[in-house]
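Asker: Next comes the structure file protein.pdb, holding PDB, C-alpha atoms and all ligand atoms.
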ATOM      1  CA  MET A   1       0.225  14.168  17.181
ATOM      2  CA  ALA A   2       0.944  10.422  17.197
ATOM      3  CA  ALA A   3      -2.072   8.128  17.576
ATOM      4  CA  PRO A   4      -2.547   6.574  21.026
ATOM      5  CA  ILE A   5      -1.214   3.071  21.676
ATOM      6  CA  LYS A   6      -4.264   0.895  22.254
ATOM      7  CA  ALA A   7      -4.692  -2.508  23.929
ATOM      8  CA  ALA A   8      -3.975  -5.728  22.022
ATOM      9  CA  LEU A   9      -6.829  -6.853  19.770
ATOM     10  CA  GLY A  10      -5.586 -10.423  19.317
ATOM     11  CA  ARG A  11      -5.791  -9.872  15.559
ATOM     12  CA  THR A  12      -3.169  -9.744  12.836
ATOM     13  CA  ALA A  13      -2.606  -7.243  10.037
ATOM     14  CA  PHE A  14      -0.513  -8.292   7.031
ATOM     15  CA  VAL A  15       1.178  -5.462   5.083
ATOM     16  CA  THR A  16       3.234  -5.818   1.896
ATOM     17  CA  GLY A  17       6.056  -3.346   1.297
ATOM     18  CA  GLY A  18       5.861  -2.221   4.908
ATOM     19  CA  ALA A  19       9.519  -1.442   5.585
ATOM     20  CA  GLN A  20       9.400   2.168   4.416
ATOM     21  CA  GLY A  21       7.128   4.950   3.236
ATOM     22  CA  ILE A  22       3.358   4.500   3.279
ATOM     23  CA  GLY A  23       3.562   0.789   4.150
ATOM     24  CA  ARG A  24       5.674   1.500   7.200
ATOM     25  CA  ALA A  25       3.273   4.221   8.373
ATOM     26  CA  ILE A  26       0.335   1.822   7.956
ATOM     27  CA  ALA A  27       2.091  -1.046   9.753
ATOM     28  CA  THR A  28       3.128   1.111  12.708
ATOM     29  CA  ARG A  29      -0.289   2.813  12.914
ATOM     30  CA  LEU A  30      -2.137  -0.516  12.927
ATOM     31  CA  ALA A  31       0.254  -1.703  15.638
ATOM     32  CA  ARG A  32      -0.685   1.350  17.710
ATOM     33  CA  ASP A  33      -4.343   0.435  17.039
ATOM     34  CA  GLY A  34      -3.689  -2.970  18.671
ATOM     35  CA  TYR A  35      -2.864  -5.320  15.787
ATOM     36  CA  ASP A  36       0.011  -7.767  15.655
ATOM     37  CA  ILE A  37       1.833  -7.143  12.373
ATOM     38  CA  SER A  38       3.339  -9.239   9.617
ATOM     39  CA  ILE A  39       5.320  -7.366   6.985
ATOM     40  CA  ALA A  40       6.136  -8.929   3.618
ATOM     41  CA  GLU A  41       9.194  -7.401   2.010
ATOM     42  CA  ILE A  42      11.958  -8.093  -0.477
ATOM     43  CA  PRO A  43      15.372  -9.183   0.904
ATOM     44  CA  GLN A  44      16.940  -5.839  -0.128
ATOM     45  CA  ALA A  45      14.763  -4.155   2.532
ATOM     46  CA  LYS A  46      16.160  -6.341   5.367
ATOM     47  CA  ASP A  47      17.632  -3.525   7.484
ATOM     48  CA  ARG A  48      14.661  -1.183   7.068
ATOM     49  CA  LEU A  49      12.373  -4.106   7.911
ATOM     50  CA  ALA A  50      14.277  -4.883  11.129
ATOM     51  CA  ASN A  51      13.998  -1.246  12.127
ATOM     52  CA  THR A  52      10.218  -1.166  11.523
ATOM     53  CA  ILE A  53       9.741  -4.374  13.501
ATOM     54  CA  LYS A  54      11.666  -2.868  16.393
ATOM     55  CA  GLU A  55       9.348   0.147  16.427
ATOM     56  CA  ILE A  56       6.235  -2.075  16.446
ATOM     57  CA  GLU A  57       7.602  -4.212  19.271
ATOM     58  CA  SER A  58       8.175  -1.042  21.285
ATOM     59  CA  TYR A  59       4.364  -0.628  21.266
ATOM     60  CA  GLY A  60       4.014  -4.035  22.929
ATOM     61  CA  ARG A  61       2.726  -5.801  19.794
ATOM     62  CA  LYS A  62       4.108  -8.866  18.027
ATOM     63  CA  ALA A  63       5.780  -8.207  14.703
ATOM     64  CA  ILE A  64       7.316 -10.507  12.125
ATOM     65  CA  GLY A  65       8.969 -10.000   8.762
ATOM     66  CA  VAL A  66       8.514 -12.447   5.901
ATOM     67  CA  PHE A  67      10.390 -12.266   2.647
ATOM     68  CA  ALA A  68       8.215 -12.198  -0.446
ATOM     69  CA  ASP A  69       8.476 -10.564  -3.831
ATOM     70  CA  VAL A  70       4.835  -9.817  -4.614
ATOM     71  CA  ARG A  71       5.537 -10.291  -8.335
ATOM     72  CA  GLU A  72       5.762 -14.027  -7.558
ATOM     73  CA  ALA A  73       2.342 -15.465  -6.673
ATOM     74  CA  LYS A  74       3.824 -18.487  -4.874
ATOM     75  CA  GLN A  75       5.800 -16.210  -2.582
ATOM     76  CA  VAL A  76       2.662 -14.219  -1.746
ATOM     77  CA  TYR A  77       0.738 -17.350  -0.750
ATOM     78  CA  ALA A  78       3.735 -18.602   1.261
ATOM     79  CA  ALA A  79       3.961 -15.256   3.077
ATOM     80  CA  VAL A  80       0.321 -15.431   4.184
ATOM     81  CA  GLU A  81       0.814 -19.041   5.264
ATOM     82  CA  GLU A  82       3.938 -18.169   7.265
ATOM     83  CA  THR A  83       2.074 -15.272   8.886
ATOM     84  CA  VAL A  84      -0.667 -17.590  10.107
ATOM     85  CA  ASP A  85       1.831 -20.261  11.210
ATOM     86  CA  ARG A  86       3.761 -17.768  13.322
ATOM     87  CA  LEU A  87       1.031 -15.402  14.582
ATOM     88  CA  GLY A  88      -1.998 -17.714  14.598
ATOM     89  CA  PRO A  89      -5.252 -17.928  12.575
ATOM     90  CA  THR A  90      -6.117 -14.334  13.470
ATOM     91  CA  LEU A  91      -5.701 -12.554  10.133
ATOM     92  CA  PHE A  92      -8.211  -9.699  10.047
ATOM     93  CA  VAL A  93      -6.496  -7.021   7.933
ATOM     94  CA  SER A  94      -4.492  -7.377   4.727
ATOM     95  CA  VAL A  95      -2.885  -4.391   3.018
ATOM     96  CA  ALA A  96      -1.524  -4.893  -0.513
ATOM     97  CA  ASN A  97       0.662  -1.817  -0.382
ATOM     98  CA  ALA A  98       3.820  -2.781  -2.309
ATOM     99  CA  GLY A  99       4.108  -0.912  -5.575
ATOM    100  CA  VAL A 100       6.471   0.827  -7.940
ATOM    101  CA  THR A 101       6.238   3.979 -10.027
ATOM    102  CA  GLN A 102       8.128   3.801 -13.280
ATOM    103  CA  VAL A 103       8.477   7.041 -15.215
ATOM    104  CA  LYS A 104       8.898   7.072 -19.011
ATOM    105  CA  PRO A 105       7.201   8.436 -22.111
ATOM    106  CA  LEU A 106       5.018   5.661 -23.578
ATOM    107  CA  LEU A 107       7.017   5.492 -26.814
ATOM    108  CA  GLU A 108      10.092   4.520 -24.762
ATOM    109  CA  CYS A 109       8.368   1.834 -22.653
ATOM    110  CA  THR A 110       9.717  -1.644 -23.443
ATOM    111  CA  PRO A 111       7.589  -4.778 -22.919
ATOM    112  CA  GLU A 112       9.787  -5.676 -19.915
ATOM    113  CA  PHE A 113       9.283  -2.231 -18.366
ATOM    114  CA  ILE A 114       5.496  -2.532 -18.680
ATOM    115  CA  GLU A 115       5.445  -6.114 -17.451
ATOM    116  CA  ASN A 116       7.332  -5.212 -14.282
ATOM    117  CA  GLU A 117       4.854  -2.440 -13.441
ATOM    118  CA  VAL A 118       1.863  -4.727 -14.011
ATOM    119  CA  ARG A 119       3.317  -7.683 -12.100
ATOM    120  CA  LEU A 120       4.128  -5.575  -9.064
ATOM    121  CA  ASN A 121       1.226  -3.119  -8.840
ATOM    122  CA  LEU A 122      -1.593  -5.232 -10.211
ATOM    123  CA  LEU A 123      -0.827  -8.967 -10.142
ATOM    124  CA  GLY A 124       0.868  -8.511  -6.764
ATOM    125  CA  LEU A 125      -2.224  -6.811  -5.378
ATOM    126  CA  MET A 126      -4.689  -9.312  -6.850
ATOM    127  CA  ASN A 127      -2.744 -12.300  -5.532
ATOM    128  CA  THR A 128      -2.291 -10.698  -2.105
ATOM    129  CA  HIS A 129      -6.036  -9.978  -1.875
ATOM    130  CA  ILE A 130      -7.004 -13.514  -2.892
ATOM    131  CA  ALA A 131      -4.450 -15.237  -0.633
ATOM    132  CA  ALA A 132      -5.651 -13.151   2.329
ATOM    133  CA  ALA A 133      -9.337 -13.630   1.526
ATOM    134  CA  LYS A 134      -8.931 -17.432   1.345
ATOM    135  CA  GLN A 135      -7.476 -17.375   4.856
ATOM    136  CA  MET A 136     -10.224 -15.046   6.132
ATOM    137  CA  VAL A 137     -12.948 -17.268   4.673
ATOM    138  CA  LYS A 138     -11.332 -20.285   6.339
ATOM    139  CA  GLN A 139     -11.203 -18.492   9.704
ATOM    140  CA  GLY A 140     -14.859 -17.454   9.394
ATOM    141  CA  PHE A 141     -14.875 -14.069  11.123
ATOM    142  CA  GLY A 142     -14.629 -11.700   8.167
ATOM    143  CA  GLY A 143     -11.891  -9.175   7.542
ATOM    144  CA  ARG A 144     -10.728  -5.941   5.979
ATOM    145  CA  ILE A 145      -8.748  -5.921   2.754
ATOM    146  CA  LEU A 146      -7.015  -2.763   1.579
ATOM    147  CA  GLY A 147      -4.948  -1.992  -1.480
ATOM    148  CA  ALA A 148      -2.798   0.833  -2.757
ATOM    149  CA  GLY A 149      -4.686   2.914  -5.279
ATOM    150  CA  SER A 150      -3.732   6.485  -6.064
ATOM    151  CA  ILE A 151      -5.161   9.698  -7.401
ATOM    152  CA  ALA A 152      -3.872   8.048 -10.591
ATOM    153  CA  SER A 153      -6.721   5.531 -10.140
ATOM    154  CA  TYR A 154      -8.933   8.376 -11.414
ATOM    155  CA  ARG A 155      -6.656  10.503 -13.591
ATOM    156  CA  THR A 156      -3.456   9.408 -15.288
ATOM    157  CA  ALA A 157      -0.462  11.629 -15.986
ATOM    158  CA  GLU A 158       1.996  12.019 -18.850
ATOM    159  CA  ASN A 159       5.127   9.846 -18.529
ATOM    160  CA  LEU A 160       3.344   7.645 -15.995
ATOM    161  CA  GLY A 161       1.090   5.717 -18.398
ATOM    162  CA  PRO A 162       1.582   2.089 -17.267
ATOM    163  CA  TYR A 163       1.489   3.199 -13.608
ATOM    164  CA  GLY A 164      -1.868   4.940 -14.092
ATOM    165  CA  ALA A 165      -3.237   1.911 -15.932
ATOM    166  CA  THR A 166      -2.351  -0.402 -13.037
ATOM    167  CA  LYS A 167      -3.927   1.974 -10.520
ATOM    168  CA  PHE A 168      -7.141   2.261 -12.599
ATOM    169  CA  ALA A 169      -7.221  -1.538 -12.573
ATOM    170  CA  VAL A 170      -6.801  -1.576  -8.791
ATOM    171  CA  ARG A 171     -10.049   0.409  -8.589
ATOM    172  CA  GLY A 172     -11.815  -2.147 -10.790
ATOM    173  CA  PHE A 173     -10.514  -5.137  -8.878
ATOM    174  CA  THR A 174     -11.446  -3.513  -5.571
ATOM    175  CA  GLU A 175     -15.060  -3.248  -6.736
ATOM    176  CA  ALA A 176     -15.173  -6.827  -8.019
ATOM    177  CA  ALA A 177     -13.647  -8.338  -4.879
ATOM    178  CA  ALA A 178     -15.959  -6.282  -2.638
ATOM    179  CA  LYS A 179     -18.986  -7.691  -4.463
ATOM    180  CA  GLU A 180     -17.836 -11.320  -4.234
ATOM    181  CA  TRP A 181     -16.608 -11.279  -0.656
ATOM    182  CA  ALA A 182     -19.328  -9.250   1.084
ATOM    183  CA  GLN A 183     -21.034 -12.600   1.797
ATOM    184  CA  TYR A 184     -18.015 -13.532   3.951
ATOM    185  CA  ASP A 185     -18.150 -10.277   5.894
ATOM    186  CA  ILE A 186     -15.005  -9.048   4.148
ATOM    187  CA  ARG A 187     -14.772  -5.366   3.140
ATOM    188  CA  VAL A 188     -12.464  -4.470   0.275
ATOM    189  CA  ASN A 189     -11.281  -0.909  -0.288
ATOM    190  CA  ALA A 190      -8.293   1.004  -1.644
ATOM    191  CA  TYR A 191      -6.577   4.187  -0.489
ATOM    192  CA  GLY A 192      -5.724   6.794  -3.096
ATOM    193  CA  PRO A 193      -2.896   9.093  -1.961
ATOM    194  CA  GLY A 194      -1.673  12.181  -3.796
ATOM    195  CA  ILE A 195       1.923  13.365  -3.486
ATOM    196  CA  VAL A 196       3.393  11.623  -0.472
ATOM    197  CA  ASP A 197       6.773  12.346   1.045
ATOM    198  CA  THR A 198       8.402   8.930   0.492
ATOM    199  CA  PRO A 199      11.435   7.598  -1.420
ATOM    200  CA  MET A 200       8.995   6.808  -4.258
ATOM    201  CA  TRP A 201       8.332  10.484  -4.953
ATOM    202  CA  ASP A 202      12.059  11.275  -4.776
ATOM    203  CA  HIS A 203      12.479   8.739  -7.580
ATOM    204  CA  ILE A 204       9.588  10.222  -9.616
ATOM    205  CA  ASP A 205      11.081  13.685  -9.152
ATOM    206  CA  ARG A 206      14.514  12.592 -10.417
ATOM    207  CA  GLU A 207      13.034  10.870 -13.482
ATOM    208  CA  LEU A 208      10.732  13.796 -14.352
ATOM    209  CA  ALA A 209      13.695  16.160 -14.001
ATOM    210  CA  LYS A 210      15.525  14.215 -16.729
ATOM    211  CA  ILE A 211      12.527  14.160 -19.078
ATOM    212  CA  GLU A 212      11.496  17.787 -18.518
ATOM    213  CA  GLY A 213      15.056  19.171 -18.408
ATOM    214  CA  ILE A 214      14.632  20.774 -14.983
ATOM    215  CA  SER A 215      16.618  20.423 -11.772
ATOM    216  CA  ILE A 216      16.134  17.874  -8.995
ATOM    217  CA  GLY A 217      13.361  18.935  -6.642
ATOM    218  CA  GLU A 218      11.616  21.188  -9.159
ATOM    219  CA  ALA A 219       9.039  18.701 -10.461
ATOM    220  CA  LYS A 220       7.907  17.845  -6.947
ATOM    221  CA  ALA A 221       7.883  21.463  -5.732
ATOM    222  CA  LEU A 222       5.893  22.609  -8.764
ATOM    223  CA  ARG A 223       3.215  19.949  -8.322
ATOM    224  CA  ILE A 224       2.863  20.584  -4.593
ATOM    225  CA  LYS A 225       2.429  24.309  -5.188
ATOM    226  CA  ARG A 226       0.101  23.921  -8.169
ATOM    227  CA  ASP A 227      -1.989  20.895  -7.169
ATOM    228  CA  VAL A 228      -2.089  20.369  -3.412
ATOM    229  CA  LYS A 229      -4.863  22.608  -2.151
ATOM    230  CA  LEU A 230      -4.010  22.026   1.512
ATOM    231  CA  GLY A 231      -0.612  23.572   0.845
ATOM    232  CA  ARG A 232       1.760  20.906   2.121
ATOM    233  CA  ILE A 233       3.156  17.612   0.933
ATOM    234  CA  GLN A 234       1.279  14.573   2.224
ATOM    235  CA  GLN A 235       2.918  12.573   4.988
ATOM    236  CA  PRO A 236       2.720   8.750   5.006
ATOM    237  CA  GLU A 237       0.882   9.045   8.345
ATOM    238  CA  ASP A 238      -1.949  10.915   6.568
ATOM    239  CA  VAL A 239      -2.571   7.784   4.497
ATOM    240  CA  ALA A 240      -2.332   5.547   7.567
ATOM    241  CA  LYS A 241      -5.125   7.565   9.225
ATOM    242  CA  LEU A 242      -7.516   6.599   6.428
ATOM    243  CA  VAL A 243      -6.503   2.938   6.628
ATOM    244  CA  SER A 244      -6.943   2.960  10.404
ATOM    245  CA  PHE A 245     -10.470   4.332   9.940
ATOM    246  CA  LEU A 246     -11.402   1.841   7.216
ATOM    247  CA  VAL A 247     -10.394  -1.194   9.294
ATOM    248  CA  SER A 248     -12.103   0.136  12.439
ATOM    249  CA  ASP A 249     -15.742  -0.426  13.412
ATOM    250  CA  GLU A 250     -16.418   3.112  12.161
ATOM    251  CA  GLY A 251     -15.597   1.985   8.618
ATOM    252  CA  GLU A 252     -17.738  -1.134   8.601
ATOM    253  CA  TYR A 253     -20.328   0.076   6.052
ATOM    254  CA  ILE A 254     -17.739   1.046   3.444
ATOM    255  CA  THR A 255     -16.756  -1.444   0.759
ATOM    256  CA  GLY A 256     -15.676  -1.432  -2.891
ATOM    257  CA  GLN A 257     -14.299   2.116  -2.731
ATOM    258  CA  THR A 258     -11.036   3.693  -3.830
ATOM    259  CA  ILE A 259     -10.904   6.663  -1.489
ATOM    260  CA  LYS A 260      -8.734   9.629  -2.353
ATOM    261  CA  THR A 261      -6.663  11.133   0.435
ATOM    262  CA  CYS A 262      -4.656  13.801  -1.324
ATOM    263  CA  GLY A 263      -5.138  17.251   0.184
ATOM    264  CA  GLY A 264      -7.190  18.245  -2.842
ATOM    265  CA  ALA A 265      -4.471  17.327  -5.355
ATOM    266  CA  SER A 266      -7.008  15.535  -7.543
ATOM    267  CA  LEU A 267      -9.407  18.481  -7.804
TER     268      LEU A 267
HETATM  269  N1  LIG A 301       4.324   8.071  -2.649
HETATM  270  C1  LIG A 301       3.240   8.528  -3.231
HETATM  271  O1  LIG A 301       3.096   9.732  -3.485
HETATM  272  C2  LIG A 301       2.114   7.590  -3.611
HETATM  273  C3  LIG A 301       0.941   8.157  -4.149
HETATM  274  C4  LIG A 301      -0.108   7.304  -4.514
HETATM  275  C5  LIG A 301       0.000   5.937  -4.332
HETATM  276  N2  LIG A 301       1.154   5.418  -3.794
HETATM  277  C6  LIG A 301       1.222   3.951  -3.668
HETATM  278  O2  LIG A 301       1.457   3.587  -2.309
HETATM  279  C7  LIG A 301       2.249   2.404  -2.249
HETATM  280  C8  LIG A 301       3.494   2.658  -1.383
HETATM  281  O3  LIG A 301       4.203   3.768  -1.909
HETATM  282  P1  LIG A 301       5.498   4.396  -1.207
HETATM  283  O4  LIG A 301       5.592   5.794  -1.678
HETATM  284  O5  LIG A 301       5.484   4.107   0.245
HETATM  285  O6  LIG A 301       6.641   3.535  -1.949
HETATM  286  P2  LIG A 301       8.160   3.275  -1.537
HETATM  287  O7  LIG A 301       8.888   2.994  -2.820
HETATM  288  O8  LIG A 301       8.682   4.353  -0.667
HETATM  289  O9  LIG A 301       8.074   1.912  -0.698
HETATM  290  C9  LIG A 301       7.672   0.725  -1.318
HETATM  291  C10 LIG A 301       8.023  -0.479  -0.454
HETATM  292  O10 LIG A 301       7.663  -1.654  -1.195
HETATM  293  C11 LIG A 301       8.737  -2.579  -1.161
HETATM  294  N3  LIG A 301       8.727  -3.381  -2.399
HETATM  295  C12 LIG A 301       9.208  -2.998  -3.616
HETATM  296  N4  LIG A 301       9.088  -3.988  -4.495
HETATM  297  C13 LIG A 301       8.524  -5.028  -3.833
HETATM  298  C14 LIG A 301       8.156  -6.341  -4.211
HETATM  299  N5  LIG A 301       8.351  -6.774  -5.463
HETATM  300  N6  LIG A 301       7.615  -7.167  -3.269
HETATM  301  C15 LIG A 301       7.432  -6.740  -1.995
HETATM  302  N7  LIG A 301       7.756  -5.491  -1.585
HETATM  303  C16 LIG A 301       8.288  -4.647  -2.494
HETATM  304  C17 LIG A 301       9.994  -1.736  -1.041
HETATM  305  O11 LIG A 301      11.086  -2.472  -0.480
HETATM  306  C18 LIG A 301       9.516  -0.585  -0.154
HETATM  307  O12 LIG A 301       9.731  -0.862   1.214
HETATM  308  C19 LIG A 301       2.595   2.043  -3.705
HETATM  309  O13 LIG A 301       1.705   1.047  -4.172
HETATM  310  C20 LIG A 301       2.358   3.354  -4.444
HETATM  311  O14 LIG A 301       2.029   3.157  -5.808
HETATM  312  C21 LIG A 301       2.200   6.210  -3.434
END
Hey, can you dump this file as structure tokens for me?

Answerer:
Amino acid sequence: MAAPIKAALGRTAFVTGGAQGIGRAIATRLARDGYDISIAEIPQAKDRLANTIKEIESYGRKAIGVFADVREAKQVYAAVEETVDRLGPTLFVSVANAGVTQVKPLLECTPEFIENEVRLNLLGLMNTHIAAAKQMVKQGFGGRILGAGSIASYRTAENLGPYGATKFAVRGFTEAAAKEWAQYDIRVNAYGPGIVDTPMWDHIDRELAKIEGISIGEAKALRIKRDVKLGRIQQPEDVAKLVSFLVSDEGEYITGQTIKTCGGASL
């Protein structure tokens, strides 16, 4: 059942990579919770972004799209600045969601391949967190910072080495930022999904099929059957439920955590 559409909070949530998948589910859920939304995306996502903004506006909330490649620190800072210019100094939630999963055996990983994974998943997240926190400190009424972890923040997998390393690092950075920013009333946490039904997992499935010599769909189906104890693939909305809780008053005593939401896939 879809979450109820609540009254406007007069607060903004900033979400990177919010045009599809988990980011879209988070952006639309936070809009239903009453937040105005700013989505940072790459230009290639223009049409998907417009579509997401339309959905948010249908809930009566303000929504803007800003173009930023989170691998470029300057673009991240500019995106936060543009958000505040257009929606006001009301930034209360920031979600560093944008990420990529590259699949390759370690012995085939080139320096460029590794660098791309690190710049997007780790540097992108760190710069997004810091840019948002600077704005929250300036505003003076605290905030909630979230980042995309994974079950891979706790256990890596074969052929996903650099990905797992970035997600482990997300867990470390989440702890460090939570310690430093508690004094500003800012909570910092990460969500750790399992196998979520998004274009990302379709890509992982195709790449694993090549490496393992199996057909398309098999790698995903096998892992859902073997690993997901709740017996179904995770929906992006399942992740958004956790984020909605963490940014709410109910989540106010939680900080520095990377919380798994994975239907038991990490057990
Ligand atoms: N799908 C899963 O099973 C799963 C599991 C655990 C963690 N995660 C994490 O959740 C996050 C979202 O995953 P998803 O499955 O929704 O991914 P997705 O690939 O479906 O969507 C990612 C979004 O990020 C955007 N993006 C890509 N590169 C960008 C860049 N350089 N700058 C800004 N935006 C960029 C894309 O345009 C896209 O809209 C990722 O960090 C991922 O690692 C996903």

Asker: In Å to one decimal, how far is atom C14 of ligand LIG 301 (chain A) from atom CA of A:Gly140?

Answerer: 29.0 Å

Asker: Counting all atoms listed in the file, which residue out of A:Arg11, A:His203, A:Lys138, A:Lys260 sits closest to A:Arg171?

Answerer: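 The closest residue to A:Arg171 is A:Lys260.
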
Asker: Determine the nearest neighbour of A:Ile114 from the options A:Ala131, A:Ala165, A:Ala78, A:Ala73, counting all atoms listed in the file.

Answerer: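 Of the candidates, the smallest distance to A:Ile114 is held by A:Ala165.
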
Asker: Draw an axis-aligned box over all listed atoms of stretch 241-252 of chain A, pad each side with 6 Å, and write its centre and edge lengths in Å, one decimal, as lines of an AutoDock Vina configuration file.

Answerer:
center_x = -11.4
center_y = 3.2
center_z = 9.9
size_x = 24.6
size_y = 20.8
size_z = 19.0

Asker: What do you get, as a VMD selection string, if you spell out every residue that the PyMOL selection byres (((chain A and resi 220) around 9) and not hetatm) selects here?

Answerer: chain A and resid 195 201 to 202 204 to 205 208 216 to 219 221 to 225

Asker: On this file, the PyMOL selection byres (((not hetatm)) within 7 of (chain A and resi 301)) gives some set of residues; write that set as JSON, numbers by chain.

Answerer: {"A": [16, 17, 18, 19, 20, 21, 22, 23, 40, 41, 42, 44, 45, 68, 69, 70, 71, 97, 98, 99, 100, 101, 120, 121, 148, 149, 150, 151, 192, 193, 194, 195, 196, 197, 198, 199, 200, 201]}

Asker: Here is a test: counting all atoms listed in the file, which residue of A:Thr255, A:Ala63, A:Ile37, A:Pro162 is nearest to A:Glu180?

Answerer: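 Between A:Thr255, A:Ala63, A:Ile37, A:Pro162, the residue approaching A:Glu180 most closely is A:Thr255.
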
Asker: Please determine the residues with any atom at most 12 Å from (16.0, 7.9, -16.2) (coordinates as given in the file, with all atoms listed in the file counting) and report them as a list in words.

Answerer: Gln102, Val103, Lys104, Pro105, Glu108, Cys109, Asn159, His203, Ile204, Asp205, Arg206, Glu207, Leu208, Ala209, Lys210, Ile211, Glu212 and Gly213 of chain A

Asker: Just the residues within 7 Å of A:Ala96, please, counting only C-alpha atoms, with nothing from its chain fewer than 4 positions along; format it as a VMD selection string.

Answerer: chain A and resid 15 to 16 125 128 to 129 146 to 148

Asker: Starting from the PyMOL selection byres (((chain A and resi 166) around 9) and not hetatm), expand the selection into actual residues of this file and give them as a CSV table (one decimal) with C-alpha atoms, keeping the file's coordinate frame.

Answerer:
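Just written: part_23.csv:
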chain,number,residue,atom,x,y,z
A,117,GLU,CA,4.9,-2.4,-13.4
A,118,VAL,CA,1.9,-4.7,-14.0
A,121,ASN,CA,1.2,-3.1,-8.8
A,122,LEU,CA,-1.6,-5.2,-10.2
A,149,GLY,CA,-4.7,2.9,-5.3
A,152,ALA,CA,-3.9,8.0,-10.6
A,153,SER,CA,-6.7,5.5,-10.1
A,161,GLY,CA,1.1,5.7,-18.4
A,162,PRO,CA,1.6,2.1,-17.3
A,163,TYR,CA,1.5,3.2,-13.6
A,164,GLY,CA,-1.9,4.9,-14.1
A,165,ALA,CA,-3.2,1.9,-15.9
A,167,LYS,CA,-3.9,2.0,-10.5
A,168,PHE,CA,-7.1,2.3,-12.6
A,169,ALA,CA,-7.2,-1.5,-12.6
A,170,VAL,CA,-6.8,-1.6,-8.8
A,171,ARG,CA,-10.0,0.4,-8.6
